[in-house]
$ cat upload.cif   # mmCIF, C-alpha atoms
data_work
loop_
_atom_site.label_atom_id
_atom_site.label_comp_id
_atom_site.auth_asym_id
_atom_site.auth_seq_id
_atom_site.Cartn_x
_atom_site.Cartn_y
_atom_site.Cartn_z
CA MET A 1 64.87 21.01 -37.71
CA PRO A 2 65.02 19.54 -41.19
CA ASP A 3 61.85 17.80 -42.26
CA ARG A 4 62.84 14.34 -43.31
CA HIS A 5 59.88 14.11 -45.67
CA HIS A 6 61.24 16.99 -47.71
CA THR A 7 64.11 15.60 -49.69
CA GLU A 8 66.27 17.71 -52.03
CA VAL A 9 63.86 16.87 -54.87
CA GLU A 10 60.59 18.63 -54.11
CA GLU A 11 57.87 15.98 -54.01
CA VAL A 12 55.01 14.61 -52.01
CA THR A 13 55.63 11.13 -50.66
CA CYS A 14 52.89 8.53 -50.15
CA ARG A 15 53.19 8.98 -46.40
CA GLU A 16 52.52 12.69 -46.84
CA PHE A 17 49.85 12.20 -49.45
CA VAL A 18 47.54 10.22 -47.20
CA GLU A 19 47.51 13.14 -44.75
CA LEU A 20 46.66 15.66 -47.47
CA VAL A 21 43.65 13.90 -48.97
CA THR A 22 40.97 15.90 -47.15
CA ASP A 23 42.73 19.22 -47.78
CA TYR A 24 42.92 18.16 -51.41
CA LEU A 25 39.24 17.24 -51.64
CA GLU A 26 38.22 20.42 -49.80
CA GLY A 27 40.26 22.61 -52.14
CA ALA A 28 42.33 23.81 -49.22
CA LEU A 29 45.82 23.11 -50.56
CA PRO A 30 48.07 26.05 -51.48
CA ASP A 31 48.89 26.16 -55.22
CA ARG A 32 52.37 24.66 -55.08
CA ARG A 33 51.28 21.86 -52.78
CA LEU A 34 48.30 21.10 -55.00
CA GLU A 35 50.60 20.83 -57.99
CA LEU A 36 52.84 18.36 -56.14
CA VAL A 37 49.85 16.31 -55.00
CA GLU A 38 48.53 16.11 -58.54
CA GLN A 39 51.94 15.15 -59.87
CA HIS A 40 52.14 12.44 -57.25
CA LEU A 41 48.74 11.08 -58.25
CA VAL A 42 49.86 10.77 -61.86
CA MET A 43 52.83 8.68 -60.77
CA CYS A 44 51.40 6.62 -57.95
CA ASP A 45 48.59 4.13 -58.57
CA TRP A 46 48.59 3.13 -54.92
CA CYS A 47 47.81 6.62 -53.74
CA LYS A 48 45.23 6.89 -56.49
CA THR A 49 43.64 3.76 -55.06
CA TYR A 50 43.84 5.28 -51.58
CA LEU A 51 42.11 8.43 -52.85
CA GLU A 52 39.39 6.37 -54.56
CA GLN A 53 38.76 4.41 -51.36
CA PHE A 54 38.62 7.62 -49.39
CA GLU A 55 36.07 9.07 -51.79
CA ALA A 56 34.02 5.86 -51.81
CA THR A 57 33.97 6.02 -48.00
CA VAL A 58 32.74 9.62 -48.01
CA GLU A 59 30.09 8.79 -50.61
CA ALA A 60 28.85 5.85 -48.55
CA LEU A 61 28.43 7.87 -45.36
CA PRO A 62 24.99 9.37 -46.05
CA GLY A 63 23.83 5.73 -46.03
CA ALA A 64 24.63 5.63 -42.32
CA ALA A 65 21.85 8.10 -41.55
CA GLU A 66 19.32 6.54 -39.24
CA SER A 67 15.67 7.20 -39.78
CA GLU A 68 14.74 7.23 -36.15
CA SER A 69 11.29 8.26 -35.06
CA PRO A 70 10.34 10.12 -31.94
CA SER A 71 8.67 8.02 -29.26
CA ARG A 72 4.86 8.17 -29.10
CA GLU A 73 5.13 9.95 -25.82
CA ALA A 74 7.45 12.57 -27.28
CA GLU A 75 5.15 13.07 -30.25
CA ARG A 76 2.14 13.56 -27.99
CA ALA A 77 4.00 16.12 -25.92
CA LEU A 78 5.08 17.96 -29.06
CA LEU A 79 1.56 18.02 -30.43
CA ALA A 80 0.33 19.50 -27.18
CA GLY A 81 3.03 22.17 -27.50
CA PHE A 82 2.04 22.77 -31.10
CA ARG A 83 -1.64 23.26 -30.26
CA GLU A 84 -0.74 25.67 -27.52
CA TRP A 85 1.44 27.62 -29.94
CA ARG A 86 -1.30 27.65 -32.57
CA ALA A 87 -3.77 28.92 -30.00
CA GLY A 88 -1.38 31.79 -29.46
CA GLY A 89 -0.07 30.52 -26.12
CA MET B 1 8.44 11.03 -56.27
CA SER B 2 8.49 10.36 -52.60
CA ALA B 3 5.86 8.73 -50.48
CA LEU B 4 4.94 12.23 -49.34
CA ALA B 5 3.56 13.15 -52.73
CA ALA B 6 1.78 9.85 -53.11
CA GLU B 7 -0.19 10.45 -49.96
CA ALA B 8 -0.92 14.04 -50.93
CA PRO B 9 -1.50 15.16 -47.36
CA ALA B 10 -3.55 18.18 -46.44
CA TRP B 11 -0.57 20.42 -45.91
CA ARG B 12 0.31 20.13 -49.57
CA TYR B 13 -2.90 21.74 -50.72
CA ARG B 14 -2.94 24.35 -48.05
CA ALA B 15 0.71 25.16 -48.67
CA ALA B 16 -0.09 26.29 -52.18
CA CYS B 17 -2.42 28.98 -50.83
CA LEU B 18 -0.07 30.13 -48.11
CA GLU B 19 3.00 30.67 -50.27
CA SER B 20 4.95 33.61 -48.89
CA PRO B 21 6.39 36.11 -51.41
CA GLN B 22 9.59 34.84 -53.01
CA PRO B 23 12.79 36.48 -51.81
CA VAL B 24 14.37 38.67 -54.48
CA GLU B 25 17.84 37.27 -54.07
CA GLU B 26 18.34 34.11 -56.17
CA LYS B 27 20.08 31.27 -54.41
CA GLU B 28 21.20 27.86 -55.61
CA PRO B 29 18.35 25.75 -56.98
CA LEU B 30 16.54 23.91 -54.23
CA THR B 31 16.71 20.15 -53.90
CA THR B 32 13.48 18.17 -53.77
CA HIS B 33 13.98 17.77 -50.05
CA GLU B 34 14.37 21.52 -49.57
CA ARG B 35 11.31 22.22 -51.71
CA GLU B 36 9.27 19.87 -49.59
CA ASP B 37 10.67 21.56 -46.50
CA ALA B 38 9.59 24.93 -47.84
CA GLU B 39 6.08 23.64 -48.50
CA LEU B 40 5.88 22.04 -45.08
CA LEU B 41 7.11 25.25 -43.50
CA SER B 42 4.54 27.44 -45.11
CA ALA B 43 1.83 24.96 -44.16
CA LEU B 44 3.19 25.02 -40.62
CA ARG B 45 3.05 28.80 -40.56
CA GLY B 46 -0.61 28.43 -41.43
CA GLY B 47 -1.10 26.22 -38.39
CA ASP B 48 -1.24 22.84 -40.16
CA GLU B 49 -0.74 20.08 -37.65
CA SER B 50 0.09 17.36 -40.17
CA ALA B 51 2.90 19.53 -41.55
CA PHE B 52 4.30 19.86 -38.04
CA THR B 53 4.18 16.10 -37.45
CA GLU B 54 5.83 15.46 -40.79
CA LEU B 55 8.68 17.89 -40.02
CA VAL B 56 9.17 16.42 -36.57
CA ARG B 57 9.53 12.96 -38.08
CA ARG B 58 11.72 14.16 -40.88
CA TYR B 59 14.26 15.83 -38.61
CA HIS B 60 14.12 13.60 -35.59
CA GLY B 61 17.13 11.46 -36.57
CA PRO B 62 19.46 14.33 -37.50
CA LEU B 63 18.50 16.35 -34.41
CA VAL B 64 18.99 13.43 -32.06
CA HIS B 65 22.38 12.79 -33.64
CA LEU B 66 23.42 16.37 -33.16
CA ALA B 67 22.26 16.36 -29.54
CA ARG B 68 24.29 13.22 -28.96
CA SER B 69 27.32 14.75 -30.59
CA PHE B 70 27.10 17.48 -27.96
CA GLY B 71 27.54 14.75 -25.40
CA ALA B 72 23.87 14.16 -24.49
CA GLY B 73 22.76 10.68 -23.48
CA GLU B 74 19.72 9.03 -25.03
CA ALA B 75 17.01 10.48 -22.78
CA VAL B 76 18.53 13.94 -22.60
CA ALA B 77 18.94 14.01 -26.38
CA GLU B 78 15.19 13.39 -26.78
CA GLU B 79 14.41 16.20 -24.38
CA ILE B 80 16.73 18.61 -26.15
CA VAL B 81 15.07 17.76 -29.46
CA GLN B 82 11.66 18.50 -27.94
CA GLU B 83 12.85 21.82 -26.60
CA THR B 84 14.27 22.55 -30.04
CA TRP B 85 10.89 22.10 -31.69
CA LEU B 86 9.10 24.22 -29.16
CA GLY B 87 11.81 26.87 -29.62
CA ALA B 88 11.41 26.62 -33.39
CA LEU B 89 7.66 27.24 -33.12
CA ARG B 90 8.27 30.30 -30.96
CA GLY B 91 10.86 31.61 -33.42
CA LEU B 92 9.02 30.67 -36.58
CA ASP B 93 7.91 34.23 -37.33
CA ARG B 94 11.49 35.39 -37.32
CA PHE B 95 12.84 32.59 -39.53
CA GLU B 96 13.44 34.17 -42.92
CA GLN B 97 14.74 31.08 -44.69
CA ARG B 98 18.12 32.60 -45.45
CA SER B 99 19.61 29.37 -44.16
CA SER B 100 18.15 25.92 -44.74
CA LEU B 101 15.58 24.66 -42.29
CA LYS B 102 18.04 22.04 -41.13
CA THR B 103 20.73 24.61 -40.35
CA TRP B 104 18.21 26.77 -38.53
CA LEU B 105 16.98 23.84 -36.44
CA PHE B 106 20.54 22.76 -35.70
CA GLY B 107 21.32 26.28 -34.49
CA ILE B 108 18.34 26.23 -32.14
CA LEU B 109 19.34 22.81 -30.86
CA LYS B 110 22.83 24.02 -30.14
CA ASN B 111 21.46 26.90 -28.06
CA GLN B 112 19.11 24.56 -26.21
CA ALA B 113 21.96 22.19 -25.45
CA ARG B 114 24.05 25.08 -24.24
CA ALA B 115 21.30 26.49 -22.04
CA ARG B 116 20.80 23.07 -20.52
CA ALA B 117 24.50 22.70 -19.83
CA ARG B 118 24.46 26.09 -18.11
CA ARG B 119 21.47 25.08 -16.00
CA GLU B 120 23.24 21.92 -14.98
CA ARG B 121 26.34 23.97 -14.36
CA ARG B 122 28.61 21.74 -16.30
CA THR B 123 32.00 23.35 -16.60
CA VAL B 124 32.62 21.91 -20.05
CA PRO B 125 29.34 22.65 -21.82
CA PHE B 126 29.90 20.32 -24.71
CA SER B 127 32.37 17.56 -24.78
CA ALA B 128 32.31 18.05 -28.54
CA PHE B 129 33.98 21.42 -27.99
CA ALA B 130 36.74 20.16 -25.75
CA GLY B 131 40.28 19.93 -27.10
CA GLY B 132 42.25 16.92 -28.22
CA GLU B 133 41.87 14.46 -31.07
CA GLY B 134 43.43 17.09 -33.27
CA SER B 135 46.78 16.38 -34.74
CA ASP B 136 48.57 13.50 -33.10
CA GLY B 137 49.99 10.68 -35.10
CA PRO B 138 49.50 9.47 -38.66
CA THR B 139 46.08 8.39 -39.96
CA VAL B 140 47.57 5.40 -41.78
CA ALA B 141 49.66 2.92 -39.78
CA ALA B 142 53.34 3.83 -40.04
CA GLU B 143 54.33 0.25 -40.83
CA ARG B 144 52.43 0.40 -44.11
CA PHE B 145 55.13 2.68 -45.48
CA GLN B 146 58.75 1.93 -46.25
CA GLY B 147 61.34 3.03 -43.75
CA ASP B 148 64.55 4.99 -44.21
CA GLY B 149 66.55 1.87 -44.95
CA ASP B 150 64.22 0.68 -47.72
CA ASN B 151 64.33 1.42 -51.43
CA TRP B 152 61.60 4.00 -51.43
CA PRO B 153 61.41 5.61 -48.01
CA ASP B 154 57.96 7.00 -47.18
CA HIS B 155 56.30 5.24 -50.10
CA TRP B 156 53.87 2.39 -49.60
CA ALA B 157 55.17 -0.91 -48.29
CA THR B 158 51.68 -2.42 -47.95
CA PRO B 159 49.59 -0.44 -50.42
CA PRO B 160 45.81 -0.45 -50.41
CA ARG B 161 44.21 -3.02 -52.71
CA PRO B 162 41.59 -1.65 -55.09
CA TRP B 163 38.00 -2.26 -53.97
CA GLU B 164 35.74 -3.94 -56.45
CA ASP B 165 32.44 -2.21 -57.00
CA PRO B 166 32.56 -0.27 -53.71
CA HIS B 167 29.25 1.50 -54.31
CA ARG B 168 27.31 -1.73 -54.42
CA ARG B 169 29.17 -3.26 -51.51
CA LEU B 170 28.89 -0.22 -49.30
CA ALA B 171 25.20 0.25 -50.01
CA SER B 172 24.21 -3.10 -48.51
CA LEU B 173 22.30 -3.10 -45.25
CA GLU B 174 25.09 -4.92 -43.52
CA ALA B 175 27.64 -2.35 -44.66
CA ARG B 176 25.39 0.45 -43.41
CA GLU B 177 25.21 -1.16 -40.00
CA GLN B 178 28.98 -1.41 -40.01
CA LEU B 179 29.33 2.21 -41.05
CA ARG B 180 27.14 3.20 -38.11
CA SER B 181 29.16 1.29 -35.59
CA ALA B 182 32.38 2.63 -37.10
CA ILE B 183 31.06 6.18 -36.71
CA ALA B 184 29.99 5.43 -33.15
CA ALA B 185 33.51 4.23 -32.40
CA LEU B 186 35.15 7.49 -33.52
CA PRO B 187 36.46 9.89 -30.88
CA GLU B 188 33.74 12.38 -29.99
CA ARG B 189 34.76 15.46 -31.94
CA GLN B 190 35.66 13.49 -35.05
CA ARG B 191 32.31 11.77 -34.80
CA ALA B 192 30.52 15.11 -34.53
CA VAL B 193 32.29 16.53 -37.59
CA VAL B 194 31.94 13.39 -39.72
CA THR B 195 28.26 13.05 -38.80
CA LEU B 196 27.43 16.64 -39.63
CA ARG B 197 29.54 16.92 -42.77
CA ASP B 198 29.31 13.50 -44.37
CA VAL B 199 26.16 11.92 -42.96
CA GLU B 200 23.94 15.00 -42.65
CA GLY B 201 25.54 16.90 -45.52
CA LEU B 202 26.20 20.26 -43.87
CA ASP B 203 28.90 22.40 -45.43
CA ALA B 204 32.19 23.28 -43.75
CA ALA B 205 31.11 26.78 -42.70
CA GLU B 206 27.95 25.48 -41.01
CA VAL B 207 29.87 22.83 -39.10
CA CYS B 208 32.51 25.35 -37.98
CA GLU B 209 29.79 27.56 -36.61
CA LEU B 210 27.84 24.80 -34.87
CA LEU B 211 30.84 23.17 -33.25
CA GLU B 212 32.80 26.39 -32.80
CA LEU B 213 35.79 25.17 -34.73
CA SER B 214 38.26 27.00 -36.93
CA GLU B 215 38.25 25.94 -40.57
CA GLY B 216 41.62 24.29 -40.14
CA ASN B 217 40.53 22.38 -37.07
CA GLN B 218 37.35 21.25 -38.72
CA ARG B 219 39.39 19.86 -41.63
CA VAL B 220 41.80 18.06 -39.34
CA LEU B 221 38.96 16.37 -37.43
CA LEU B 222 37.15 15.54 -40.66
CA HIS B 223 40.30 14.05 -42.12
CA ARG B 224 41.07 11.92 -39.09
CA GLY B 225 37.49 10.70 -38.89
CA ARG B 226 37.24 9.89 -42.59
CA ALA B 227 40.62 8.15 -42.59
CA ALA B 228 39.52 5.98 -39.67
CA MET B 229 36.32 5.13 -41.52
CA ARG B 230 38.24 4.19 -44.67
CA SER B 231 40.52 2.00 -42.63
CA THR B 232 37.55 0.21 -41.03
CA LEU B 233 35.98 -0.38 -44.43
CA GLU B 234 39.29 -1.64 -45.78
CA GLY B 235 39.38 -4.17 -42.97
CA LEU B 236 35.86 -5.34 -43.84
CA ILE B 237 36.31 -5.42 -47.59
CA ASP B 238 39.74 -7.05 -47.60
CA ALA B 239 38.72 -9.59 -45.00
#
$ encode --input "upload.cif" --output "structure tokens"
Amino acid sequence: MPDRHHTEVEEVTCREFVELVTDYLEGALPDRRLELVEQHLVMCDWCKTYLEQFEATVEALPGAAESESPSREAERALLAGFREWRAGG
Amino acid sequence: MSALAAEAPAWRYRAACLESPQPVEEKEPLTTHEREDAELLSALRGGDESAFTELVRRYHGPLVHLARSFGAGEAVAEEIVQETWLGALRGLDRFEQRSSLKTWLFGILKNQARARARRERRTVPFSAFAGGEGSDGPTVAAERFQGDGDNWPDHWATPPRPWEDPHRRLASLEAREQLRSAIAALPERQRAVVTLRDVEGLDAAEVCELLELSEGNQRVLLHRGRAAMRSTLEGLIDA
């Protein structure tokens, strides 16, 4: 079945590009594909914007880490376990 | 320097005396966090209780997250984390620091979660390992691209609008809350991969091993999760 995204001129369309972003960032694109993606980025400011937003999203994610603390009860139980371990139990 | 250094707790002094011989093989330079981990670990090996408490606090959040990503509810997640620490103490002698402390702890947690699932005789041990969520449908709404009848088929019809100063905007407390709820709203396996890779900072190989995913699958889940997150943020920023 012909792939309608692959026209006679070899190129990456915007619709394809957005699905290749992670492969691109992870260095997982085969050489030829990588070349086409990079060519597309030179031509397409919109996809460049999409890529920048994608990267900004990834960079913001560590900020979602929660600094949760164990409950007092849990900490007490762990300390008891620790003392037992230290005593060679 | 961190608050840790400012307080100069007992484990810091004791750690200096308990330094184990350096491994011959040179690895990547350690981050401050990893250096502190190494100091805490050697203090822990010497039986220092404050080092133990500090490590427990330091890793509580990440471990609870991982337990939840294996499908554990709140209370069960806490229990699994406890079992993980007790398991870590028992295995401490055998931990040679070839992997980071975090990766080692995560590995123990995974085994604890698995053992628990076996005990409870769940047929699907981890919902995070179940299939689905993989490769269906586009990650950007189809109507944002031009159709076959348009001038530029498959190019943007409604392109993204550049974000102004995203770093500042996404660092705000409010944005962090929104990031958290957006992560919570992701399908389970995507959430597990995004949490481990992008929130906790594990590398692809570690995540593949923990979640028993192929590299390709891991990337697909990561991509779908990240794309959904970008789309949520776009909705917030453009609003």
$ atom_distance --input "upload.cif" --atom1 "atom CA of B:Leu233" --atom2 "atom CA of A:Val18"
15.9 Å
$ interface_residues --input "upload.cif" --of "chain B" --to "chain A" --cutoff "8 Å" --atoms "all atoms listed in the file" --output "number ranges by chain"
B: 47, 49, 52-53, 56-57, 60-62, 78, 82, 85-86, 89-90, 138-140, 145, 154-156, 159-163, 166-167, 170-171, 176-177, 179-180, 198-201, 219, 222-223, 226-227, 229-230, 233
$ atom_distance --input "upload.cif" --atom1 "atom CA of B:Asp203" --atom2 "atom CA of B:Leu105"
15.0 Å
$ resolve_selection --input "upload.cif" --expression "the PyMOL selection byres ((chain B and resi 103) around 12)" --output "number ranges by chain"
B: 34, 59, 62-63, 66, 88, 95, 97-102, 104-110, 196-197, 200-203, 205-207, 209-210
$ atom_distance --input "upload.cif" --atom1 "atom CA of B:Ala184" --atom2 "atom CA of B:Arg68"
10.5 Å
$ resolve_selection --input "upload.cif" --expression "the PyMOL selection byres ((chain B and resi 192) around 8)" --output "PyMOL selection string"
chain B and resi 66+69-70+128+188-191+193-196
$ resolve_selection --input "upload.cif" --expression "the PyMOL selection byres ((chain A and resi 36) around 12)" --output "VMD selection string"
chain A and resid 6 9 to 14 16 to 17 20 24 29 to 35 37 to 44
